[in-house]
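Shown next, in structure tokens, is the structure this report addresses.
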Amino acid sequence: MKKFIALLLAAMMVMSMFAGCQSGSEQTATTAAQDQPTGEQAAADTGAAVKIGLTGPLTGGNSEYGLAVRGGMEIAVEEINAKGGLQIEFKAEDDEADGSDKAVSAYNTLKDWGMQIFAGAVTTGSALAIAAETVNDQIFMLTPSASAEDVALTGSNIYQMCFTDPNQGASAAELMSQKWPDATIGVIYDSSDPYSTGIAEGFLAKAEELGLNVAVDDAAFTADNKADLSTQVTQCKDAGCDMVFLPFYYTEAAQVLTYANTVDYHPTFFGCDGMDGILNVEGFDTTLAEGLVLMTPFDANATDEATVSFVTKYKENNDGKVPNQFAADGYDVIYALYNACVAAGIDGSTSAADACALLQEQFSTMTVDGLTGKGMTWDENGMISKAPAAVVVTDGIYVPIS
Amino acid sequence: MKTMLGNMKTRTNLVTYLVVIAAFVLMQVFNSLGMLSSSQRGYLVPVCVYISLAVSLNLLVGVCGELSLGHAGFMGIGAFTGVVVAAVLKDAVAGDAVRLVLAMIAGGFTAGVMGFLIGIPVLRLRGDYLAIVTLAFGEIMKNIIGNTYAGIDGEGFHMAISTSKMKLGEGGKYIISGPLGATGVEKIATFTMGFVLVMFTLFVVLNLINSKEGRAIKAVRDNRIAAESVGINVTAFRMKAFVVSAFLAGMAGALFGLNYSSMTASKFNFNTSINILVFVVLGGMGNILGSVISAAVLYILPEAMRGLEDFRMIIYAVVLILVMLFTWSPKFKDAVSVAGDKIKGIFRKKKEVGSNE
């Protein structure tokens, strides 16, 4: 019995070591890059830098998203600090994508550091746990990627940079009714993930309203059984769906596409912003993604100057990794906050509560152009309004749908 | 000999209570003097919760000799029950403290009933079946809660396994919304209540261990056949330990749930169960004070190491391995017992000298 426990614990520890190592090795590059702006900052000797904090999963299974947001934010901070003028001090804390104690303690650590503006959290669960705290503390919160409606609805000081989930699902349904009005639609979603469930619910509600033909609406899986999605694909195939809606992340989507190909099932696949990144999945045959439609606010292959410069810098800092929409959202968050701070005259000496009131005023009126959209504005709930952009994968790159 | 043994036990128990009370008073004093940062204040309640969880699991693993890998499942049941009960009683019960106690009792009760139900078939078996079943149980609970929708409106309380089946009336409010978990929870947990919970857990567990039942439970652990031969009902005593342990975990879960404005079912997964088991194993099997200390130290350790940035989880793992190697090595144990004897010797000599004078 003792031996069994000892073995089990040893195995768990070895596993957690590996999980740690994985993110650890990526760290060295980013920490090195992080040192640079602080050096410049000292040289600029402004003394009153605005302190912006982020919490996100920097270790563990979801670290991919947290590291991407942090990477994007670091680039924006570097650029802004190099410009001179208002300086930004940036700090990221690990919340392990936890929805309660770890998230709050990461946030508290930032508060003790003297954070004035909160630019997190990365995942919805953590954001919900922290949102109520920011309302109490009167700290302005602009989340890059926590997309549940409940996050923004928690308080008037909370704003979102990404689409809310039901909103994105509704836009997908609208696009389908315009482009493929006669399609027989199947929906596969992850019922253990608020992001996926939120989009699926928004989509189904709008589809019913628009009279779309949804043949399969219960092909759900959970985080525990996502290793094999063949049942869900077969369900859609048997129902004769020629359009399959996949509102989840690209790693699982790659599985769906691969399996559909092996059973010779070729409907039009339709993804959301979580699908962005599918062309960079290791070991995935990208030709399978030909004809895939996805709604993404960000395209790393775009040729406009801002995107090209961002992608180049991100690759430099992150061992040649191509940035995804998380990184772009992070970048936009810092610039939106910077613009608002400059306009409202916020600097390092402004108290968090004053900054919160001033920023709320700014965000209710201002318009932001960023990597993830042009002319972005926020409504009275703090939810963003920007034009949804859909692309189709053609010859291995995104081509906008006209 | 018997009375001396009894005295020694009473003394160890007393030390356990005193350590907890002293820590509570110290923290209250620090807090009232404003010496705690907001992150340190944030640790107070979860530390109490994890101490209770570790002590209750120690009853099962250390004293009863059964391995449970689903302690977080009971914690989760307690947490979600507690959140629902607290929300439903919002208008009916005036005081927050009363509501919190009721929520904790409800959480403990539900967890205890679930423990009883899965205990009926499993505890009759020999071998490590309880480990397998509790592991599965924890994961099943996580997935069921992760798909549950519960809400309250003018007509009362509603619950369903999918959103389409549930329509809330005017002014309705979701308490649990599927994968989002419990949202908009009113935070009514307090450090004082955490302290009360720890004291209650210690009281129940220590009294159980030192009672007639406790001796029977230990007899079952040490030699099942011998215990059966003297007429001990093996299943019944294992069941007692298991249900008490589940009940206490449920209470701790309810306090945990009511300390945060939101929580997701995925929090109560296998990793959390293992985490609690780590506290128990490193604190010493059957050593209650050890569980209290290791839960407190090991919960705060990864938070205290935030300064190490991304290396903290690696270092945490290394620390755990080192602690395990050291505390389990015979040489270290010998050294500790020698040191312990020496200290005791000093006291005894002093006493003897004192009595002579």
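Each chain in the structure tokens gets a letter, A, B and so on, in the order shown; residues start at 1 in every chain, and ligands are counted from 1 in the order they appear.
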Could you give me, as a list in words, the residues within 9 Å of stretch 257-263 of chain A, counting only C-alpha atoms and dropping anything in the same chain fewer than 2 positions from it?
->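 Listed by chain and then number, they are Leu229, Ser230, Val233, Thr234, Lys237, Glu252, Ala253, Ala254, Gln255, Tyr265, His266, Pro267, Phe269, Phe284, Asp285, Leu288 and Ala289 of chain A.
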Apply DSSP to the backbone of this structure and, from stretch 38-179 of chain A, keep only the residues in strand (DSSP E or B); write these as a PyMOL selection string.
-> chain A and resi 50-56+88-94+117-118+140-143+158-160
Determine which residues of chain B sit within 8 Å of chain A, taking into account only C-alpha atoms, and present them as a VMD selection string.
-> chain B and resid 37 to 39 42 to 43 46 143 146 to 147 178 to 180 183 to 184 260 to 264 267 274 278 303 306 309 to 311 313 to 314 317 321
Selection from above, C-alpha atoms, as a JSON list (two decimals), in the first residue's frame, can you write it?
[["chain", "number", "residue", "atom", "x", "y", "z"],
["B", 37, "SER", "CA", -0.86, 41.96, 2.30],
["B", 38, "SER", "CA", -3.96, 41.26, 0.26],
["B", 39, "SER", "CA", -2.49, 38.04, -1.10],
["B", 42, "GLY", "CA", -6.41, 35.67, 0.57],
["B", 43, "TYR", "CA", -4.65, 32.50, 1.77],
["B", 46, "PRO", "CA", -8.24, 28.21, 1.60],
["B", 143, "ASN", "CA", -18.55, 15.79, -15.32],
["B", 146, "GLY", "CA", -20.01, 20.44, -15.25],
["B", 147, "ASN", "CA", -23.23, 19.76, -17.16],
["B", 178, "GLY", "CA", -22.88, 24.15, -16.74],
["B", 179, "PRO", "CA", -19.24, 24.48, -17.76],
["B", 180, "LEU", "CA", -19.09, 28.06, -16.44],
["B", 183, "THR", "CA", -21.13, 32.25, -10.97],
["B", 184, "GLY", "CA", -22.02, 35.36, -9.04],
["B", 260, "TYR", "CA", -14.98, 32.84, -4.20],
["B", 261, "SER", "CA", -17.39, 34.57, -6.49],
["B", 262, "SER", "CA", -17.09, 31.79, -9.05],
["B", 263, "MET", "CA", -15.82, 28.26, -9.35],
["B", 264, "THR", "CA", -15.83, 25.58, -12.02],
["B", 267, "LYS", "CA", -11.35, 22.49, -10.08],
["B", 274, "ILE", "CA", -3.73, 13.96, -5.41],
["B", 278, "VAL", "CA", 0.32, 14.66, -0.98],
["B", 303, "GLU", "CA", 2.27, 30.95, -3.81],
["B", 306, "ARG", "CA", 5.80, 33.41, -7.19],
["B", 309, "GLU", "CA", 8.24, 33.23, -11.96],
["B", 310, "ASP", "CA", 7.93, 30.26, -14.26],
["B", 311, "PHE", "CA", 10.28, 28.00, -12.38],
["B", 313, "MET", "CA", 6.22, 24.73, -10.22],
["B", 314, "ILE", "CA", 9.44, 22.87, -11.01],
["B", 317, "ALA", "CA", 8.00, 19.47, -7.33],
["B", 321, "ILE", "CA", 10.48, 14.99, -3.65]]
Counting only C-alpha atoms, what is within 12 Å of stretch 23-27 of chain B, bar same-chain residues fewer than 4 positions away, as a ChimeraX atom specification?
-> /B:16-19,31-37,40-41,43-45,47-48,191-196,198-199,292-293,296
Between atom CA of A:Asp354 and atom CA of A:Ala152, what is the distance, to one decimal in Å?
-> 19.8 Å
Expressed in Å to a single decimal, how great is the separation between atom CA of A:Thr367 and atom CA of A:Ser385?
->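 The value is 10.1 Å.
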A:Trp378 environment, 10 Å, only C-alpha atoms, sequence neighbours closer than 3 positions dropped, as a PyMOL selection string | chain A and resi 159-161+363-368+381-386
Need the shell around stretch 138-143 of chain A: protein/DNA/RNA residues with any atom at most 6 Å away, counting only C-alpha atoms. Skip same-chain ones fewer than 2 positions apart. Format as a short mmCIF file (atom, residue, chain, number, x, y, z; two decimals) with N, CA and C atoms, in the first residue's frame?
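Result written to around-v9.cif:
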data_model
loop_
_atom_site.label_atom_id
_atom_site.label_comp_id
_atom_site.auth_asym_id
_atom_site.auth_seq_id
_atom_site.Cartn_x
_atom_site.Cartn_y
_atom_site.Cartn_z
N ILE A 117 -3.96 48.98 -13.47
CA ILE A 117 -4.94 48.53 -14.47
C ILE A 117 -4.74 47.03 -14.67
N PHE A 118 -5.84 46.31 -14.72
CA PHE A 118 -5.76 44.86 -14.88
C PHE A 118 -6.10 44.49 -16.33
N ALA A 119 -5.16 43.82 -16.98
CA ALA A 119 -5.34 43.47 -18.40
C ALA A 119 -5.55 41.98 -18.56
N GLY A 120 -6.26 41.33 -17.67
CA GLY A 120 -6.51 39.89 -17.76
C GLY A 120 -7.98 39.64 -17.56
N ALA A 121 -8.36 38.44 -17.26
CA ALA A 121 -7.53 37.27 -17.30
C ALA A 121 -7.66 36.61 -18.68
N THR A 134 -12.27 42.78 -8.86
CA THR A 134 -11.96 44.09 -9.45
C THR A 134 -13.09 45.08 -9.18
N VAL A 135 -14.32 44.57 -9.14
CA VAL A 135 -15.45 45.46 -8.85
C VAL A 135 -15.30 46.02 -7.44
N ASN A 136 -14.96 45.14 -6.49
CA ASN A 136 -14.75 45.58 -5.10
C ASN A 136 -13.63 46.60 -5.00
N SER A 145 -9.13 37.88 -23.71
CA SER A 145 -9.68 36.67 -24.32
C SER A 145 -10.72 35.94 -23.49
N ALA A 146 -11.13 36.47 -22.35
CA ALA A 146 -12.19 35.80 -21.58
C ALA A 146 -13.52 36.21 -22.19
N ASN A 157 -16.93 48.17 -14.67
CA ASN A 157 -15.51 48.46 -14.87
C ASN A 157 -14.83 47.38 -15.72
N ILE A 158 -15.63 46.43 -16.25
CA ILE A 158 -15.03 45.31 -16.97
C ILE A 158 -15.34 45.37 -18.46
N TYR A 159 -14.30 45.32 -19.27
CA TYR A 159 -14.44 45.40 -20.72
C TYR A 159 -13.77 44.20 -21.36
N GLN A 160 -14.22 43.86 -22.57
CA GLN A 160 -13.67 42.70 -23.27
C GLN A 160 -13.09 43.13 -24.61
N ALA A 352 -5.60 53.67 -8.54
CA ALA A 352 -6.31 52.67 -9.35
C ALA A 352 -7.78 53.04 -9.52
N ALA A 353 -8.40 53.53 -8.45
CA ALA A 353 -9.82 53.86 -8.52
C ALA A 353 -10.07 55.05 -9.45
N CYS A 356 -9.67 53.90 -12.90
CA CYS A 356 -10.83 53.11 -13.29
C CYS A 356 -11.95 54.00 -13.81
#
Write out as a PyMOL selection string which residues come within 8 Å of stretch 99-106 of chain B when counting only C-alpha atoms, dropping same-chain ones fewer than 3 positions away.
-> chain B and resi 78+81-83+85-86+89-90+93-96+109-110+188-189+250-255+258
How many Å lie between atom CA of B:Phe279 and atom CA of B:Val205, rounded to one decimal?
->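 The value is 16.5 Å.
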